[in-house]
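Asks: Below is work_18.txt; it holds compact mmCIF, N, CA and C atoms.
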```txt
# COMPACT_ATOMS: atom_id res chain seq x y z
N MET A 1 -29.71 19.03 21.33
CA MET A 1 -28.50 18.52 21.90
C MET A 1 -27.45 19.63 21.87
N THR A 2 -26.81 19.84 22.98
CA THR A 2 -25.81 20.90 23.03
C THR A 2 -24.50 20.43 22.40
N LYS A 3 -23.65 21.39 22.14
CA LYS A 3 -22.36 21.08 21.53
C LYS A 3 -21.52 20.19 22.44
N GLU A 4 -21.56 20.43 23.73
CA GLU A 4 -20.80 19.63 24.68
C GLU A 4 -21.28 18.18 24.71
N GLN A 5 -22.60 17.99 24.62
CA GLN A 5 -23.15 16.64 24.59
C GLN A 5 -22.72 15.91 23.31
N MET A 6 -22.74 16.62 22.19
CA MET A 6 -22.32 16.01 20.93
C MET A 6 -20.85 15.63 20.99
N ILE A 7 -20.02 16.49 21.55
CA ILE A 7 -18.60 16.18 21.69
C ILE A 7 -18.40 14.97 22.58
N PHE A 8 -19.17 14.90 23.69
CA PHE A 8 -19.07 13.75 24.58
C PHE A 8 -19.41 12.47 23.85
N TRP A 9 -20.53 12.43 23.13
CA TRP A 9 -20.95 11.21 22.45
C TRP A 9 -20.00 10.83 21.32
N ARG A 10 -19.49 11.84 20.62
CA ARG A 10 -18.51 11.55 19.57
C ARG A 10 -17.28 10.88 20.17
N ASN A 11 -16.76 11.46 21.24
CA ASN A 11 -15.56 10.90 21.88
C ASN A 11 -15.84 9.52 22.48
N PHE A 12 -17.02 9.36 23.07
CA PHE A 12 -17.40 8.07 23.65
C PHE A 12 -17.46 6.99 22.58
N LEU A 13 -18.14 7.28 21.47
CA LEU A 13 -18.26 6.29 20.40
C LEU A 13 -16.91 5.98 19.76
N PHE A 14 -16.07 6.99 19.59
CA PHE A 14 -14.76 6.77 19.00
C PHE A 14 -13.88 5.93 19.92
N ASN A 15 -13.91 6.21 21.22
CA ASN A 15 -13.13 5.41 22.16
C ASN A 15 -13.66 3.98 22.24
N THR A 16 -14.96 3.81 22.13
CA THR A 16 -15.54 2.47 22.09
C THR A 16 -15.06 1.73 20.85
N PHE A 17 -14.99 2.42 19.73
CA PHE A 17 -14.47 1.81 18.51
C PHE A 17 -13.02 1.38 18.70
N LEU A 18 -12.21 2.22 19.34
CA LEU A 18 -10.81 1.87 19.55
C LEU A 18 -10.66 0.64 20.44
N VAL A 19 -11.50 0.54 21.49
CA VAL A 19 -11.46 -0.64 22.36
C VAL A 19 -11.89 -1.88 21.57
N LEU A 20 -12.93 -1.76 20.77
CA LEU A 20 -13.39 -2.87 19.93
C LEU A 20 -12.29 -3.28 18.97
N LEU A 21 -11.59 -2.32 18.41
CA LEU A 21 -10.50 -2.62 17.49
C LEU A 21 -9.36 -3.36 18.20
N MET A 22 -9.04 -2.93 19.42
CA MET A 22 -8.00 -3.63 20.18
C MET A 22 -8.39 -5.08 20.46
N PHE A 23 -9.64 -5.29 20.91
CA PHE A 23 -10.10 -6.65 21.16
C PHE A 23 -10.08 -7.48 19.89
N ALA A 24 -10.51 -6.89 18.78
CA ALA A 24 -10.52 -7.63 17.52
C ALA A 24 -9.11 -8.03 17.10
N LEU A 25 -8.14 -7.13 17.30
CA LEU A 25 -6.75 -7.46 16.96
C LEU A 25 -6.19 -8.55 17.85
N VAL A 26 -6.53 -8.51 19.14
CA VAL A 26 -6.07 -9.56 20.05
C VAL A 26 -6.68 -10.90 19.66
N ILE A 27 -7.98 -10.91 19.39
CA ILE A 27 -8.64 -12.15 18.98
C ILE A 27 -8.07 -12.66 17.67
N LEU A 28 -7.82 -11.74 16.73
CA LEU A 28 -7.22 -12.12 15.45
C LEU A 28 -5.84 -12.74 15.66
N GLY A 29 -5.05 -12.15 16.54
CA GLY A 29 -3.73 -12.70 16.84
C GLY A 29 -3.81 -14.08 17.45
N VAL A 30 -4.74 -14.26 18.36
CA VAL A 30 -4.91 -15.58 19.00
C VAL A 30 -5.36 -16.61 17.97
N ILE A 31 -6.31 -16.22 17.12
CA ILE A 31 -6.82 -17.17 16.12
C ILE A 31 -5.71 -17.60 15.17
N PHE A 32 -5.00 -16.63 14.61
CA PHE A 32 -3.97 -16.99 13.63
C PHE A 32 -2.69 -17.48 14.28
N GLY A 33 -2.44 -17.10 15.53
CA GLY A 33 -1.27 -17.60 16.23
C GLY A 33 -1.37 -19.07 16.57
N PHE A 34 -2.57 -19.51 16.88
CA PHE A 34 -2.80 -20.91 17.24
C PHE A 34 -3.65 -21.62 16.19
N TRP A 35 -3.48 -21.25 14.95
CA TRP A 35 -4.31 -21.77 13.86
C TRP A 35 -4.25 -23.30 13.79
N ASN A 36 -3.06 -23.86 13.84
CA ASN A 36 -2.93 -25.32 13.72
C ASN A 36 -3.59 -26.04 14.90
N THR A 37 -3.49 -25.45 16.09
CA THR A 37 -4.13 -26.05 17.27
C THR A 37 -5.64 -26.03 17.12
N TRP A 38 -6.18 -24.87 16.70
CA TRP A 38 -7.64 -24.76 16.53
C TRP A 38 -8.13 -25.72 15.44
N MET A 39 -7.38 -25.80 14.37
CA MET A 39 -7.80 -26.69 13.28
C MET A 39 -7.79 -28.14 13.72
N GLY A 40 -6.79 -28.51 14.51
CA GLY A 40 -6.76 -29.89 15.02
C GLY A 40 -7.96 -30.20 15.90
N ILE A 41 -8.29 -29.27 16.77
CA ILE A 41 -9.46 -29.45 17.64
C ILE A 41 -10.74 -29.48 16.81
N ALA A 42 -10.85 -28.57 15.85
CA ALA A 42 -12.06 -28.51 15.01
C ALA A 42 -12.24 -29.79 14.20
N GLU A 43 -11.16 -30.31 13.65
CA GLU A 43 -11.28 -31.54 12.86
C GLU A 43 -11.59 -32.75 13.73
N LYS A 44 -11.05 -32.75 14.95
CA LYS A 44 -11.24 -33.91 15.82
C LYS A 44 -12.65 -33.99 16.40
N TYR A 45 -13.20 -32.85 16.82
CA TYR A 45 -14.47 -32.86 17.56
C TYR A 45 -15.68 -32.38 16.77
N THR A 46 -15.50 -31.93 15.55
CA THR A 46 -16.64 -31.48 14.75
C THR A 46 -16.61 -32.18 13.39
N PRO A 47 -17.74 -32.25 12.74
CA PRO A 47 -17.77 -32.90 11.43
C PRO A 47 -17.36 -31.96 10.28
N PHE A 48 -16.80 -30.80 10.60
CA PHE A 48 -16.47 -29.82 9.56
C PHE A 48 -15.04 -30.00 9.09
N ASP A 49 -14.81 -29.66 7.82
CA ASP A 49 -13.45 -29.73 7.29
C ASP A 49 -12.74 -28.39 7.47
N LYS A 50 -11.45 -28.35 7.13
CA LYS A 50 -10.65 -27.14 7.33
C LYS A 50 -11.19 -25.94 6.55
N ASN A 51 -11.63 -26.18 5.34
CA ASN A 51 -12.12 -25.08 4.51
C ASN A 51 -13.36 -24.41 5.11
N MET A 52 -14.26 -25.21 5.63
CA MET A 52 -15.48 -24.66 6.20
C MET A 52 -15.17 -23.86 7.47
N VAL A 53 -14.26 -24.36 8.30
CA VAL A 53 -13.88 -23.65 9.53
C VAL A 53 -13.17 -22.34 9.18
N ALA A 54 -12.26 -22.40 8.20
CA ALA A 54 -11.54 -21.19 7.79
C ALA A 54 -12.49 -20.14 7.24
N GLU A 55 -13.45 -20.57 6.45
CA GLU A 55 -14.43 -19.65 5.90
C GLU A 55 -15.28 -19.02 7.00
N SER A 56 -15.66 -19.81 8.00
CA SER A 56 -16.45 -19.28 9.11
C SER A 56 -15.66 -18.26 9.92
N VAL A 57 -14.38 -18.53 10.14
CA VAL A 57 -13.53 -17.60 10.89
C VAL A 57 -13.40 -16.29 10.13
N LEU A 58 -13.13 -16.37 8.84
CA LEU A 58 -12.98 -15.15 8.04
C LEU A 58 -14.30 -14.37 7.96
N ASN A 59 -15.41 -15.07 7.86
CA ASN A 59 -16.71 -14.39 7.87
C ASN A 59 -16.96 -13.68 9.20
N SER A 60 -16.56 -14.30 10.29
CA SER A 60 -16.72 -13.67 11.61
C SER A 60 -15.90 -12.39 11.70
N ILE A 61 -14.68 -12.42 11.17
CA ILE A 61 -13.83 -11.23 11.18
C ILE A 61 -14.46 -10.11 10.37
N VAL A 62 -15.02 -10.45 9.22
CA VAL A 62 -15.68 -9.44 8.39
C VAL A 62 -16.90 -8.86 9.09
N ILE A 63 -17.65 -9.70 9.78
CA ILE A 63 -18.85 -9.22 10.50
C ILE A 63 -18.46 -8.27 11.61
N VAL A 64 -17.41 -8.57 12.36
CA VAL A 64 -16.95 -7.68 13.43
C VAL A 64 -16.52 -6.34 12.84
N ARG A 65 -15.82 -6.36 11.72
CA ARG A 65 -15.38 -5.12 11.07
C ARG A 65 -16.58 -4.29 10.62
N GLN A 66 -17.55 -4.92 10.00
CA GLN A 66 -18.74 -4.19 9.55
C GLN A 66 -19.52 -3.64 10.74
N PHE A 67 -19.62 -4.40 11.80
CA PHE A 67 -20.29 -3.93 13.00
C PHE A 67 -19.61 -2.68 13.54
N ALA A 68 -18.28 -2.74 13.63
CA ALA A 68 -17.52 -1.59 14.15
C ALA A 68 -17.71 -0.37 13.28
N LEU A 69 -17.68 -0.54 11.99
CA LEU A 69 -17.83 0.60 11.09
C LEU A 69 -19.24 1.19 11.14
N MET A 70 -20.25 0.35 11.08
CA MET A 70 -21.62 0.84 10.99
C MET A 70 -22.14 1.42 12.30
N PHE A 71 -21.81 0.80 13.41
CA PHE A 71 -22.39 1.23 14.67
C PHE A 71 -21.54 2.20 15.46
N PHE A 72 -20.29 2.39 15.07
CA PHE A 72 -19.44 3.31 15.82
C PHE A 72 -18.85 4.42 14.96
N ILE A 73 -18.23 4.07 13.86
CA ILE A 73 -17.55 5.10 13.07
C ILE A 73 -18.55 5.98 12.31
N CYS A 74 -19.59 5.43 11.76
CA CYS A 74 -20.57 6.27 11.04
C CYS A 74 -21.20 7.32 11.95
N PRO A 75 -21.67 6.98 13.16
CA PRO A 75 -22.19 8.03 14.04
C PRO A 75 -21.12 9.03 14.48
N VAL A 76 -19.87 8.56 14.64
CA VAL A 76 -18.79 9.47 15.02
C VAL A 76 -18.58 10.51 13.92
N ILE A 77 -18.57 10.07 12.67
CA ILE A 77 -18.39 11.01 11.56
C ILE A 77 -19.57 11.97 11.48
N ALA A 78 -20.77 11.46 11.65
CA ALA A 78 -21.95 12.34 11.61
C ALA A 78 -21.90 13.37 12.74
N LEU A 79 -21.57 12.95 13.94
CA LEU A 79 -21.47 13.89 15.05
C LEU A 79 -20.35 14.90 14.83
N HIS A 80 -19.26 14.48 14.23
CA HIS A 80 -18.16 15.39 13.95
C HIS A 80 -18.62 16.52 13.03
N PHE A 81 -19.36 16.17 11.99
CA PHE A 81 -19.84 17.20 11.07
C PHE A 81 -20.91 18.08 11.72
N MET A 82 -21.73 17.51 12.59
CA MET A 82 -22.72 18.32 13.31
C MET A 82 -22.03 19.32 14.23
N ILE A 83 -20.97 18.88 14.92
CA ILE A 83 -20.22 19.78 15.80
C ILE A 83 -19.57 20.89 14.99
N ARG A 84 -18.98 20.52 13.87
CA ARG A 84 -18.33 21.51 13.01
C ARG A 84 -19.36 22.54 12.50
N ARG A 85 -20.55 22.08 12.13
CA ARG A 85 -21.59 22.97 11.63
C ARG A 85 -22.06 23.92 12.74
N LYS A 86 -22.21 23.38 13.97
CA LYS A 86 -22.61 24.25 15.09
C LYS A 86 -21.53 25.27 15.40
N LYS A 87 -20.27 24.86 15.32
CA LYS A 87 -19.16 25.76 15.58
C LYS A 87 -19.14 26.89 14.56
N GLN A 88 -19.36 26.56 13.30
CA GLN A 88 -19.40 27.58 12.24
C GLN A 88 -20.59 28.50 12.42
N LYS A 89 -21.70 27.95 12.87
CA LYS A 89 -22.92 28.75 13.07
C LYS A 89 -22.70 29.78 14.17
N TYR A 90 -22.04 29.38 15.27
CA TYR A 90 -21.82 30.29 16.38
C TYR A 90 -20.70 31.29 16.10
N ASN A 91 -19.74 30.93 15.25
CA ASN A 91 -18.64 31.84 14.93
C ASN A 91 -19.05 32.91 13.93
N SER A 92 -20.11 32.66 13.20
CA SER A 92 -20.54 33.63 12.17
C SER A 92 -21.24 34.83 12.77
```
Would you mind writing the file out in structure tokens?
Replies:
Amino acid sequence: MTKEQMIFWRNFLFNTFLVLLMFALVILGVIFGFWNTWMGIAEKYTPFDKNMVAESVLNSIVIVRQFALMFFICPVIALHFMIRRKKQKYNS
């Protein structure tokens, strides 16, 4: 893989992470902004109580965060170090 390809993939994955982060923040804002509305709907139409719904929402947020970190940021960091190593190799 050439240095330019590594830079492309690093930037692509990092920008994808930023878009995912923006969507997660918007979804988080909608969830917590309309919390009472969602809870009313959940209690009315499902057999679950408030605690179970709240726990499920928080677990979903944690899963999205872990997904973003493992599938986007870890490869970005690895590619960054690979690019740095190639740059040092060619400068020597």
Asks: Could you jot down the CA of Leu28 in chain A to CA of Val64 in chain A separation for me, Å, one decimal place?
Replies: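 So the answer is 10.9 Å.
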Asks: Which is closest to Met6 in chain A among A:Phe67, A:Pro75, A:Leu20, A:Leu25, if we use only C-alpha atoms?
Replies: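 The closest residue to Met6 in chain A is A:Pro75.
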Asks: Using only C-alpha atoms, pick whichever of A:Trp9, A:Met39, A:Arg65, A:Ser60 has the shortest atom-to-atom distance to Met22 in chain A.
Replies: A:Arg65
Asks: Would you be able to write out as a list in words which residues have an atom within 12 Å of (-14.7, -2.6, 12.1) in the file's coordinates, counting only C-alpha atoms?
Replies: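 Taken together, the residues in range are Phe14, Thr16, Phe17, Leu18, Val19, Leu20, Leu21, Met22, Phe23, Ala24, Leu25, Ser60, Ile61, Val62, Ile63, Val64, Arg65, Gln66, Phe67, Ala68, Leu69, Met70, Phe71, Phe72, Ile73 and Cys74 of chain A.
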Asks: Just to confirm, what's the straight-line distance from atom N of Lys44 in chain A to CA of Val26 in chain A in Å (one decimal)?
Replies: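 These two atoms are separated by 24.3 Å.
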Asks: Work out how far atom N of Leu58 in chain A is from atom N of Val30 in chain A, in Å to one decimal.
Replies: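 Result for atom N of Val30 in chain A versus atom N of Leu58 in chain A: 12.9 Å, one decimal.
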Asks: Hey, which of A:Phe32, A:Phe81, A:Trp38, A:Phe8 ends up closest to Lys50 in chain A? Count only C-alpha atoms.
Replies: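 For Lys50 in chain A, the nearest of the given residues is A:Trp38.
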Asks: Enclose the full set of atoms of range 66-73 of chain A listed in the file within a box whose edges lie along x, y and z, apply 4 Å of padding to each of the six sides, and report centre and edge lengths in Å to one decimal as JSON.
Replies:
```
{"center_x": -20.0, "center_y": 0.5, "center_z": 12.7, "size_x": 12.9, "size_y": 18.9, "size_z": 14.3}
```
